[in-house]
Structure formats: C-alpha cells, structure tokens
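Source file: upload.pdb (PDB, C-alpha atoms)
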```
ATOM      1  CA  MET A1458      70.871  77.874 115.450
ATOM      2  CA  ASP A1459      70.111  80.446 118.176
ATOM      3  CA  ASN A1460      72.777  82.240 120.197
ATOM      4  CA  GLU A1461      72.538  79.857 123.155
ATOM      5  CA  GLU A1462      72.931  76.778 120.960
ATOM      6  CA  MET A1463      75.808  78.449 119.127
ATOM      7  CA  MET A1464      77.705  79.243 122.337
ATOM      8  CA  ALA A1465      77.054  75.729 123.692
ATOM      9  CA  SER A1466      78.401  74.114 120.543
ATOM     10  CA  LEU A1467      81.583  76.213 120.625
ATOM     11  CA  ALA A1468      82.312  75.885 124.356
ATOM     12  CA  ASN A1469      85.610  74.130 125.127
ATOM     13  CA  LYS A1470      86.455  73.601 121.485
ATOM     14  CA  THR A1471      90.113  73.935 120.531
ATOM     15  CA  VAL A1472      90.978  76.455 117.836
ATOM     16  CA  MET A1473      93.993  77.287 115.687
ATOM     17  CA  ILE A1474      94.245  80.783 114.156
ATOM     18  CA  VAL A1475      96.307  81.367 111.014
ATOM     19  CA  ASP A1476      96.855  84.971 109.884
ATOM     20  CA  ASP A1477      99.979  86.972 109.080
ATOM     21  CA  THR A1478      99.054  89.954 111.254
ATOM     22  CA  SER A1479      98.895  89.737 115.022
ATOM     23  CA  PHE A1480      96.209  92.432 114.862
ATOM     24  CA  MET A1481      93.778  90.073 113.115
ATOM     25  CA  ARG A1482      94.853  87.046 115.166
ATOM     26  CA  ASN A1483      94.014  88.994 118.328
ATOM     27  CA  ILE A1484      90.560  90.007 117.055
ATOM     28  CA  ILE A1485      89.740  86.403 116.161
ATOM     29  CA  LYS A1486      91.237  85.112 119.415
ATOM     30  CA  ARG A1487      89.143  87.468 121.546
ATOM     31  CA  ALA A1488      85.957  86.355 119.763
ATOM     32  CA  PHE A1489      86.718  82.668 120.338
ATOM     33  CA  GLU A1490      87.755  83.137 123.950
ATOM     34  CA  LYS A1491      84.490  84.955 124.696
ATOM     35  CA  ALA A1492      82.695  81.891 123.318
ATOM     36  CA  GLY A1493      84.617  79.632 125.710
ATOM     37  CA  CYS A1494      86.963  78.186 123.113
ATOM     38  CA  GLN A1495      90.587  77.409 123.792
ATOM     39  CA  VAL A1496      93.036  78.869 121.274
ATOM     40  CA  VAL A1497      95.765  76.233 121.126
ATOM     41  CA  ALA A1498      97.911  77.682 118.323
ATOM     42  CA  GLU A1499      98.496  80.905 116.418
ATOM     43  CA  CYS A1500     100.389  80.835 113.126
ATOM     44  CA  GLU A1501     101.758  83.528 110.795
ATOM     45  CA  ASN A1502     101.925  81.500 107.600
ATOM     46  CA  GLY A1503     100.903  78.266 105.960
ATOM     47  CA  HIS A1504     104.089  76.363 106.841
ATOM     48  CA  GLU A1505     103.533  76.975 110.529
ATOM     49  CA  ALA A1506      99.865  76.071 110.156
ATOM     50  CA  VAL A1507     100.595  72.638 108.705
ATOM     51  CA  ALA A1508     103.123  71.860 111.438
ATOM     52  CA  MET A1509     100.940  73.191 114.252
ATOM     53  CA  TYR A1510      97.863  71.350 112.993
ATOM     54  CA  GLN A1511      99.789  68.104 113.127
ATOM     55  CA  ALA A1512     100.922  68.864 116.680
ATOM     56  CA  HIS A1513      97.571  70.046 118.100
ATOM     57  CA  ARG A1514      94.785  68.581 115.938
ATOM     58  CA  PRO A1515      92.420  71.446 116.850
ATOM     59  CA  ASP A1516      88.652  71.160 116.475
ATOM     60  CA  LEU A1517      88.519  74.296 114.325
ATOM     61  CA  VAL A1518      90.910  76.298 112.150
ATOM     62  CA  ALA A1519      90.542  79.942 111.040
ATOM     63  CA  MET A1520      92.673  80.280 107.908
ATOM     64  CA  ASP A1521      93.735  83.480 106.113
ATOM     65  CA  ILE A1522      94.652  83.216 102.413
ATOM     66  CA  VAL A1523      97.259  85.874 101.600
ATOM     67  CA  MET A1524     100.325  85.120 103.714
ATOM     68  CA  PRO A1525     104.066  84.963 103.081
ATOM     69  CA  GLN A1526     105.992  81.711 102.561
ATOM     70  CA  MET A1527     102.937  79.494 102.112
ATOM     71  CA  ASP A1528      99.451  80.824 101.446
ATOM     72  CA  GLY A1529      96.313  79.633 103.170
ATOM     73  CA  LEU A1530      94.955  77.663 100.220
ATOM     74  CA  GLU A1531      98.107  75.539 100.033
ATOM     75  CA  ALA A1532      98.024  75.033 103.804
ATOM     76  CA  LEU A1533      94.344  74.081 103.590
ATOM     77  CA  SER A1534      95.160  71.524 100.932
ATOM     78  CA  GLN A1535      98.027  70.001 102.949
ATOM     79  CA  ILE A1536      96.009  69.861 106.174
ATOM     80  CA  LYS A1537      93.044  68.218 104.439
ATOM     81  CA  ALA A1538      95.435  65.645 102.925
ATOM     82  CA  MET A1539      96.695  64.907 106.457
ATOM     83  CA  ASP A1540      93.239  64.933 108.039
ATOM     84  CA  PRO A1541      90.190  64.817 105.735
ATOM     85  CA  ASP A1542      87.950  65.606 108.728
ATOM     86  CA  ALA A1543      89.732  68.896 109.523
ATOM     87  CA  ARG A1544      87.229  71.710 110.050
ATOM     88  CA  ILE A1545      88.748  74.745 108.384
ATOM     89  CA  VAL A1546      86.997  78.057 107.721
ATOM     90  CA  VAL A1547      88.745  80.549 105.450
ATOM     91  CA  VAL A1548      88.787  84.116 106.824
ATOM     92  CA  SER A1549      90.047  86.472 104.142
ATOM     93  CA  SER A1550      89.684  89.953 102.660
ATOM     94  CA  LEU A1551      89.928  88.414  99.204
ATOM     95  CA  GLY A1552      86.397  87.165  98.637
ATOM     96  CA  THR A1553      86.634  86.783  94.890
ATOM     97  CA  GLU A1554      84.502  84.083  93.330
ATOM     98  CA  ASP A1555      87.508  82.025  92.234
ATOM     99  CA  LYS A1556      89.100  82.110  95.701
ATOM    100  CA  VAL A1557      85.854  81.096  97.425
ATOM    101  CA  GLU A1558      85.288  78.265  94.943
ATOM    102  CA  THR A1559      88.887  77.074  95.291
ATOM    103  CA  ALA A1560      88.700  77.131  99.091
ATOM    104  CA  LEU A1561      85.427  75.203  99.188
ATOM    105  CA  GLY A1562      86.718  72.813  96.525
ATOM    106  CA  LEU A1563      89.767  72.063  98.689
ATOM    107  CA  GLY A1564      87.481  71.193 101.584
ATOM    108  CA  ALA A1565      86.992  74.406 103.564
ATOM    109  CA  LYS A1566      83.744  74.307 105.531
ATOM    110  CA  SER A1567      82.976  77.936 104.790
ATOM    111  CA  PHE A1568      84.397  81.342 103.849
ATOM    112  CA  ILE A1569      84.136  84.600 105.839
ATOM    113  CA  LEU A1570      84.985  87.929 104.275
ATOM    114  CA  LYS A1571      86.985  90.450 106.318
ATOM    115  CA  PRO A1572      85.941  92.680 107.964
ATOM    116  CA  PHE A1573      83.423  90.712 110.021
ATOM    117  CA  LYS A1574      81.625  91.085 113.310
ATOM    118  CA  ALA A1575      82.363  88.604 116.107
ATOM    119  CA  PRO A1576      78.825  87.070 116.195
ATOM    120  CA  GLU A1577      79.015  86.449 112.445
ATOM    121  CA  LEU A1578      82.410  84.760 112.838
ATOM    122  CA  LEU A1579      81.203  82.549 115.686
ATOM    123  CA  SER A1580      78.010  81.626 113.859
ATOM    124  CA  VAL A1581      79.927  80.381 110.826
ATOM    125  CA  PHE A1582      82.288  78.325 112.998
ATOM    126  CA  ALA A1583      79.396  76.850 114.985
ATOM    127  CA  GLU A1584      77.793  75.784 111.718
ATOM    128  CA  ALA A1585      81.088  74.281 110.595
ATOM    129  CA  LEU A1586      80.951  72.038 113.661
ATOM    130  CA  ALA A1587      77.428  70.938 112.828
ATOM    131  CA  VAL A1588      78.077  69.690 109.291
TER
ATOM    132  CA  MET B 833     102.566  98.675  74.943
ATOM    133  CA  GLU B 834      98.911  99.649  74.503
ATOM    134  CA  THR B 835      96.998  99.891  77.767
ATOM    135  CA  PRO B 836      93.795  97.781  77.788
ATOM    136  CA  LYS B 837      90.590  99.821  77.961
ATOM    137  CA  GLY B 838      89.423  98.077  81.135
ATOM    138  CA  LEU B 839      92.625  98.921  82.966
ATOM    139  CA  THR B 840      92.437 102.554  81.875
ATOM    140  CA  ALA B 841      88.837 102.774  83.050
ATOM    141  CA  ALA B 842      89.707 101.110  86.358
ATOM    142  CA  LEU B 843      92.366 103.732  86.979
ATOM    143  CA  GLU B 844      90.327 106.703  85.778
ATOM    144  CA  HIS B 845      87.319 106.011  87.934
ATOM    145  CA  GLY B 846      89.000 104.794  91.071
ATOM    146  CA  GLU B 847      85.739 103.914  92.810
ATOM    147  CA  SER B 848      86.939 100.360  93.227
ATOM    148  CA  PHE B 849      89.486 101.350  95.849
ATOM    149  CA  VAL B 850      87.981 104.548  97.270
ATOM    150  CA  ARG B 851      84.633 103.099  98.333
ATOM    151  CA  PRO B 852      86.046 100.122 100.284
ATOM    152  CA  ALA B 853      88.491 102.459 102.049
ATOM    153  CA  ILE B 854      85.722 104.846 103.124
ATOM    154  CA  ASP B 855      83.534 101.947 104.272
ATOM    155  CA  LEU B 856      86.370 100.389 106.275
ATOM    156  CA  LEU B 857      87.346 103.675 107.891
ATOM    157  CA  LYS B 858      83.789 103.865 109.127
ATOM    158  CA  THR B 859      83.388 100.266 110.277
ATOM    159  CA  MET B 860      86.899  99.437 111.544
ATOM    160  CA  VAL B 861      88.092 102.848 112.734
ATOM    161  CA  GLY B 862      84.843 104.699 113.373
ATOM    162  CA  VAL B 863      85.685 107.807 111.342
ATOM    163  CA  GLU B 864      83.984 109.474 108.410
ATOM    164  CA  ALA B 865      86.299 110.011 105.456
ATOM    165  CA  HIS B 866      85.779 112.678 102.832
ATOM    166  CA  PRO B 867      87.531 111.943  99.539
ATOM    167  CA  GLY B 868      89.258 114.703  97.598
ATOM    168  CA  ALA B 869      89.601 114.724  93.837
ATOM    169  CA  ILE B 870      91.120 111.633  92.263
ATOM    170  CA  HIS B 871      94.143 112.717  90.255
ATOM    171  CA  THR B 872      97.164 111.291  88.467
ATOM    172  CA  ARG B 873     100.672 111.522  89.887
ATOM    173  CA  HIS B 874     103.417 110.844  87.395
ATOM    174  CA  ASN B 875     105.484 108.879  89.888
ATOM    175  CA  THR B 876     104.657 106.428  92.693
ATOM    176  CA  GLN B 877     106.022 108.505  95.546
ATOM    177  CA  PRO B 878     103.583 108.635  98.489
ATOM    178  CA  THR B 879     103.108 111.826 100.505
ATOM    179  CA  TYR B 880     103.401 110.661 104.107
ATOM    180  CA  ASP B 881     106.016 108.858 106.218
ATOM    181  CA  LEU B 882     104.228 105.576 106.963
ATOM    182  CA  ILE B 883     103.608 103.606 103.786
ATOM    183  CA  VAL B 884     101.842 100.289 103.279
ATOM    184  CA  VAL B 885     102.177  98.559  99.910
ATOM    185  CA  VAL B 886      99.944  95.654  98.872
ATOM    186  CA  GLY B 887     100.984  94.134  95.566
ATOM    187  CA  ILE B 888      98.424  93.199  92.894
ATOM    188  CA  THR B 889      99.181  90.144  90.776
ATOM    189  CA  GLY B 890      97.630  88.590  87.680
ATOM    190  CA  PRO B 891      97.255  89.884  84.107
ATOM    191  CA  TRP B 892      97.251  93.376  85.623
ATOM    192  CA  LYS B 893     100.154  93.983  87.964
ATOM    193  CA  GLY B 894     100.359  96.819  90.390
ATOM    194  CA  ALA B 895     100.001  97.971  93.947
ATOM    195  CA  LEU B 896      97.653  99.676  96.318
ATOM    196  CA  ILE B 897      99.677 102.153  98.367
ATOM    197  CA  MET B 898      98.370 103.765 101.533
ATOM    198  CA  SER B 899     100.379 106.513 103.199
ATOM    199  CA  LEU B 900      99.720 108.525 106.326
ATOM    200  CA  ASN B 901     101.543 110.257 109.163
ATOM    201  CA  GLN B 902     102.682 108.027 112.025
ATOM    202  CA  ARG B 903     100.508 110.056 114.393
ATOM    203  CA  VAL B 904      97.406 109.382 112.272
ATOM    204  CA  ALA B 905      98.325 105.698 112.080
ATOM    205  CA  GLN B 906      98.701 105.626 115.858
ATOM    206  CA  GLU B 907      95.219 107.136 116.352
ATOM    207  CA  MET B 908      93.706 104.720 113.825
ATOM    208  CA  THR B 909      95.350 101.764 115.542
ATOM    209  CA  SER B 910      94.096 102.886 118.939
ATOM    210  CA  ARG B 911      90.531 103.021 117.626
ATOM    211  CA  MET B 912      90.886  99.690 115.830
ATOM    212  CA  MET B 913      92.047  98.172 119.139
ATOM    213  CA  ASN B 914      89.012  99.312 121.119
ATOM    214  CA  GLY B 915      90.583 102.531 122.352
ATOM    215  CA  MET B 916      93.905 101.169 123.595
ATOM    216  CA  PRO B 917      95.896 104.234 124.787
ATOM    217  CA  THR B 918      98.216 105.474 122.049
ATOM    218  CA  GLU B 919     101.195 105.576 124.427
ATOM    219  CA  GLU B 920     100.874 101.814 124.914
ATOM    220  CA  LEU B 921     101.105 101.120 121.188
ATOM    221  CA  GLY B 922     104.449 100.088 119.750
ATOM    222  CA  LEU B 923     105.550 100.410 116.146
ATOM    223  CA  ASN B 924     104.806  96.715 115.615
ATOM    224  CA  ASP B 925     101.189  97.166 116.759
ATOM    225  CA  ILE B 926     100.751 100.129 114.438
ATOM    226  CA  SER B 927     102.445  98.413 111.478
ATOM    227  CA  ASP B 928     100.347  95.322 112.000
ATOM    228  CA  ALA B 929      97.060  97.195 112.190
ATOM    229  CA  MET B 930      97.857  99.342 109.153
ATOM    230  CA  ALA B 931      98.952  96.257 107.214
ATOM    231  CA  GLU B 932      95.670  94.519 107.987
ATOM    232  CA  PHE B 933      93.639  97.627 107.170
ATOM    233  CA  THR B 934      95.335  98.077 103.779
ATOM    234  CA  ASN B 935      95.126  94.369 103.074
ATOM    235  CA  ILE B 936      91.361  94.442 103.593
ATOM    236  CA  VAL B 937      90.973  97.578 101.445
ATOM    237  CA  ALA B 938      92.990  95.886  98.698
ATOM    238  CA  GLY B 939      91.107  92.591  98.948
ATOM    239  CA  ASN B 940      87.698  94.258  98.902
ATOM    240  CA  SER B 941      88.790  96.549  96.022
ATOM    241  CA  LEU B 942      89.929  93.626  93.955
ATOM    242  CA  VAL B 943      86.525  91.986  94.220
ATOM    243  CA  GLU B 944      84.990  95.124  92.682
ATOM    244  CA  LEU B 945      87.695  95.388  90.022
ATOM    245  CA  MET B 946      87.310  91.762  89.018
ATOM    246  CA  GLN B 947      83.533  91.988  88.834
ATOM    247  CA  SER B 948      83.625  95.232  86.848
ATOM    248  CA  TYR B 949      86.363  94.349  84.401
ATOM    249  CA  SER B 950      86.259  90.525  84.191
ATOM    250  CA  VAL B 951      89.907  90.083  85.098
ATOM    251  CA  SER B 952      91.350  87.570  87.563
ATOM    252  CA  LEU B 953      93.658  89.200  90.109
ATOM    253  CA  SER B 954      95.168  88.448  93.497
ATOM    254  CA  ILE B 955      97.147  90.312  96.158
ATOM    255  CA  SER B 956     100.450  89.761  97.925
ATOM    256  CA  PRO B 957     101.265  90.259 101.632
ATOM    257  CA  PRO B 958     101.705  93.895 102.707
ATOM    258  CA  ILE B 959     105.056  95.637 103.012
ATOM    259  CA  ILE B 960     105.411  98.431 105.572
ATOM    260  CA  ILE B 961     107.856 101.273 105.025
ATOM    261  CA  SER B 962     108.386 103.828 107.741
ATOM    262  CA  GLY B 963     110.660 106.796 108.104
ATOM    263  CA  GLU B 964     111.047 110.227 106.592
ATOM    264  CA  ASN B 965     112.389 110.568 103.051
ATOM    265  CA  SER B 966     111.167 107.115 102.069
ATOM    266  CA  GLU B 967     111.417 106.576  98.356
ATOM    267  CA  LEU B 968     109.218 104.123  96.526
ATOM    268  CA  ARG B 969     109.702 103.164  92.889
ATOM    269  CA  PHE B 970     108.228 100.477  90.690
ATOM    270  CA  ALA B 971     109.766  99.281  87.450
ATOM    271  CA  GLY B 972     107.143  99.308  84.710
ATOM    272  CA  ALA B 973     104.820 101.762  86.499
ATOM    273  CA  GLN B 974     103.431 104.808  84.724
ATOM    274  CA  GLY B 975     102.562 106.849  87.793
ATOM    275  CA  MET B 976      99.541 106.244  89.977
ATOM    276  CA  ARG B 977      96.015 107.415  90.600
ATOM    277  CA  VAL B 978      95.824 109.161  93.943
ATOM    278  CA  VAL B 979      92.980 110.130  96.210
ATOM    279  CA  PRO B 980      93.343 112.023  99.487
ATOM    280  CA  LEU B 981      90.932 111.060 102.252
ATOM    281  CA  ASP B 982      90.278 113.674 104.908
ATOM    282  CA  THR B 983      89.244 112.422 108.336
ATOM    283  CA  ASP B 984      88.992 113.886 111.835
ATOM    284  CA  LEU B 985      92.223 112.037 112.642
ATOM    285  CA  GLY B 986      94.127 113.604 109.745
ATOM    286  CA  SER B 987      94.753 112.915 106.083
ATOM    287  CA  ILE B 988      95.277 109.543 104.488
ATOM    288  CA  GLU B 989      96.467 109.065 100.932
ATOM    289  CA  LEU B 990      95.576 106.112  98.740
ATOM    290  CA  GLY B 991      97.368 105.412  95.495
ATOM    291  CA  LEU B 992      96.704 102.768  92.875
ATOM    292  CA  THR B 993      99.175 101.834  90.181
ATOM    293  CA  LEU B 994      98.283  99.203  87.590
ATOM    294  CA  SER B 995     100.161  97.960  84.584
ATOM    295  CA  THR B 996     100.173  95.136  82.086
ATOM    296  CA  HIS B 997     103.957  95.364  81.915
ATOM    297  CA  GLU B 998     105.476  91.910  82.539
ATOM    298  CA  GLU B 999     108.462  93.441  84.312
ATOM    299  CA  PHE B1000     106.387  95.431  86.824
ATOM    300  CA  ARG B1001     107.992  95.098  90.243
ATOM    301  CA  LEU B1002     108.924  97.028  93.334
ATOM    302  CA  GLU B1003     112.337  98.323  92.374
ATOM    303  CA  ARG B1004     113.572 100.584  95.082
ATOM    304  CA  ILE B1005     112.728 101.361  98.684
ATOM    305  CA  GLU B1006     114.740 103.786 100.729
ATOM    306  CA  ALA B1007     113.622 104.280 104.272
ATOM    307  CA  SER B1008     114.780 103.909 107.828
ATOM    308  CA  GLY B1009     112.527 100.945 108.437
ATOM    309  CA  THR B1010     110.983  98.377 106.130
ATOM    310  CA  LYS B1011     109.044  95.357 107.221
ATOM    311  CA  ALA B1012     107.502  92.615 105.126
ATOM    312  CA  MET B1013     104.589  91.232 107.105
ATOM    313  CA  GLY B1014     104.626  87.666 108.228
TER
END
```
Go ahead and render the structure in this file as structure tokens.
Amino acid sequence: MDNEEMMASLANKTVMIVDDTSFMRNIIKRAFEKAGCQVVAECENGHEAVAMYQAHRPDLVAMDIVMPQMDGLEALSQIKAMDPDARIVVVSSLGTEDKVETALGLGAKSFILKPFKAPELLSVFAEALAV
Amino acid sequence: METPKGLTAALEHGESFVRPAIDLLKTMVGVEAHPGAIHTRHNTQPTYDLIVVVGITGPWKGALIMSLNQRVAQEMTSRMMNGMPTEELGLNDISDAMAEFTNIVAGNSLVELMQSYSVSLSISPPIIISGENSELRFAGAQGMRVVPLDTDLGSIELGLTLSTHEEFRLERIEASGTKAMG
C-alpha cells in the first residue's frame, strides 16, 4: 500500500486511543489527525476503554498493554467478546514474544512496539482496515 | 536464598537496560548519552529529586528506577514534545513524559532480559515521586545496579533492582509528591 492509498483508507475513520499517559495519547492523536481521522475517545485504562468502545464503536482502536485498573489485554478480550469485528492494534513498549502472541491470539489485528514513527503507526492501522 | 546465576549475570552486565535507554534518549529526546561505570549501590535510594519507578513482575521481581533533576526532566519533556517552551510545561506534562520514557526503557529492556535469560517477566504502571529528600525502599531488595548517563541536558541515573524474593515490594516512599500513573 503506497502513502496515497494509506491516507485515503484512513481518512474520516473514527479512532479510540487507550494509553495511561497523556503524552503518548497526544503523540498517537496527532498522527491520526494528520491522516484525517477523527479521534472519538481517549482512555486511561482498560475499564474506560470497554465502556467507551461500547458508546462509540470506533473504526480503529490503539491499545496499550500496561495500564492501571485493567490492562490492555483484558480490555482487548472484553471488546472482542462484545464486537468480534473490532479492529484493535496493540501499541506497547512490551514487545515480548508471549505478549505479542497473546494479543494476536485474543484477536488484535497487529502489534506496534514503542517507540514508533508516525508513518509506521499509520501504515499498520491502514493494513488493519484492509484485512 | 541463593540468587540464580541468570539474575546475577543480568545485574552484573546491565546492558539490558543501558542500551535501550541510550537508544531512546537519541530517538525520543535527540540527545547523545554517555554511560558511566555500572556499579552496585547497597540501597535503592536514587540520587535526584524526580524519580520514576517501573515495577518488574514474574519469577524475578524488581524495579527499574530512573532519577533526574526536575530541570533536566523539563528539558527532556520539551524536546519530546517537539520543542514546546519549558515555561509552558506543567508538572503533569513532565511527569507524564518521564513516565512514558521510563516505561518504554523498561519494556524494551525486558525484551532483552527475557531473550538473554529465558525468563518470563512483565512490568507494572510507572509511579512518579517528586520532591527533595524523597526516600525509596523496597522490602526484599539487596541494593541496585546503577549507571549514570551524562547528556548535554544534565545527568540521568538509572537503577535496576532484581530479586527472587517472594516478598519483594515497594515498602516506603517519602516525598512531597507521589503520583501513580493512570
């Protein structure tokens, strides 16, 4: 997928960002907004993510793993139980083999290791829309 | 309790946490970091007044501890936020950025540790401690391995404490401000 196709596929898509630091949420938000996406929800933990997914049904979800109260893998599991078609990409610093396998096994479309560059992030999300 | 050989080696060498920190300082902050000698400190007391603690969980328990002066943290945050003027940054912005930075160092370090020593570990959300005379103690810890990182912005200290002690936990924090992220 070239850059033009990638930007076209992401344009006007709704996105939910789940990460416990506002610093990372802002980085991800800026990348999506430059691609023409609409960020409809930002969440600090898995509990919020499950509730906000139900309320907004976004096209895409960026999900951190290590968060207080409920981690991203549990939230991923609960969201996929609610909506098997949910398109969730895990964005985490913890790219250990077991975490990646668990995330993909629970139905994540892909896994991005922090730190990342914005084009890499957008490319993975565009591919998540295509499959 | 006898310390497993892998854990001892992981602490002695320290590459697992130093290399990711140097790489991230370059890519996320845009500064070159020059590591000093890795050495053992017989307690877990960090040197500087802003402290970020990321817990390590699994068969090895422990923490990665980053400490730095608030002024250095402010400069790092400014650079991580595309040059946002330091006077516009609040303590929450700085805490958040330092939490994310340390979280990524810890996550990336764990990948190396797990690959090198065939152990399954995870991390817990960062805790930020700010204020002079902060005191940090862990039950079950036998000191920590420490490396100073010198940068153009100032010094940063990284500490790693690991234990197989079942009772390992953060026991005491004394500081003017403590914030668990999230």
Subject >> Residues in the ChimeraX specification (/A :<7) & /B, expressed as a VMD selection string >> reply: chain B and resid 928 to 929 932 936 939 to 940 943 956 to 957 1013 to 1014
**OP:** Step by step, work through what the PyMOL selection byres ((chain A and resi 1581-1587) around 6) selects in the shown file, and finish by giving those residues as a PyMOL selection string.
**Re:** chain A and resi 1463+1566+1578-1580+1588
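What separates CA of Leu921 in chain B from CA of Asp1521 in chain A is a distance of 24.3 Å.
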Original post:
Could you list as a PyMOL selection string every residue that has an atom within 7 Å of (108.0, 108.9, 106.9), using the file's coordinates and counting only C-alpha atoms?
Top reply: chain B and resi 880-882+901+962-966
For those residues, write C-alpha atoms to a file as a PDB file, in the coordinates of the input.
```
ATOM      1  CA  TYR B 880     103.401 110.661 104.107  1.00  0.00           C
ATOM      2  CA  ASP B 881     106.016 108.858 106.218  1.00  0.00           C
ATOM      3  CA  LEU B 882     104.228 105.576 106.963  1.00  0.00           C
ATOM      4  CA  ASN B 901     101.543 110.257 109.163  1.00  0.00           C
ATOM      5  CA  SER B 962     108.386 103.828 107.741  1.00  0.00           C
ATOM      6  CA  GLY B 963     110.660 106.796 108.104  1.00  0.00           C
ATOM      7  CA  GLU B 964     111.047 110.227 106.592  1.00  0.00           C
ATOM      8  CA  ASN B 965     112.389 110.568 103.051  1.00  0.00           C
ATOM      9  CA  SER B 966     111.167 107.115 102.069  1.00  0.00           C
TER      10      SER B 966
END
```
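As for CA of Ala1565 in chain A and CA of Lys1486 in chain A, they are spaced 19.6 Å apart.
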**OP:** Please identify all polymer residues within 9 Å of range 1509-1514 of chain A, counting only C-alpha atoms, omitting same-chain residues fewer than 6 positions from it, and present them as a ChimeraX atom specification.
**Re:** /A:1471-1473,1497-1500,1536,1539-1540,1543
Subject >> 10 Å contact set for Glu989 in chain B, only C-alpha atoms, chain neighbours under 6 positions out, as a count of residues only >> reply: 16
Original post:
Of the candidates A:Ala1575, A:Val1475, A:Leu1517, A:Cys1494, which one gets nearest to Val1548 in chain A if we count all atoms listed in the file?
Top reply: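 Among the listed residues, A:Val1475 lies closest to Val1548 in chain A.
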**OP:** Give me, please, the distance in Å between CA of Gly972 in chain B and CA of Glu999 in chain B, quoted to one decimal.
**Re:**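 The value is 6.0 Å.
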Original post:
So which residues touch Leu994 in chain B within 9 Å, counting only C-alpha atoms, skipping near sequence neighbours fewer than 2 positions away, as a ChimeraX atom specification?
Top reply: /B:839-840,842-843,888,892-896,973-976,992,996-997,1000
Subject >> Ground truth for the PyMOL selection byres ((chain B and resi 914) around 12), written as a PyMOL selection string >> reply: (chain A and resi 1480+1483-1484+1487) or (chain B and resi 860-862+907-913+915-918)
Grab the residues selected above and save them as a short mmCIF file (atom, residue, chain, number, x, y, z; two decimals), keeping the file's coordinate frame with C-alpha atoms.
```cif
data_model
loop_
_atom_site.label_atom_id
_atom_site.label_comp_id
_atom_site.auth_asym_id
_atom_site.auth_seq_id
_atom_site.Cartn_x
_atom_site.Cartn_y
_atom_site.Cartn_z
CA PHE A 1480 96.21 92.43 114.86
CA ASN A 1483 94.01 88.99 118.33
CA ILE A 1484 90.56 90.01 117.06
CA ARG A 1487 89.14 87.47 121.55
CA MET B 860 86.90 99.44 111.54
CA VAL B 861 88.09 102.85 112.73
CA GLY B 862 84.84 104.70 113.37
CA GLU B 907 95.22 107.14 116.35
CA MET B 908 93.71 104.72 113.82
CA THR B 909 95.35 101.76 115.54
CA SER B 910 94.10 102.89 118.94
CA ARG B 911 90.53 103.02 117.63
CA MET B 912 90.89 99.69 115.83
CA MET B 913 92.05 98.17 119.14
CA GLY B 915 90.58 102.53 122.35
CA MET B 916 93.90 101.17 123.60
CA PRO B 917 95.90 104.23 124.79
CA THR B 918 98.22 105.47 122.05
#
```
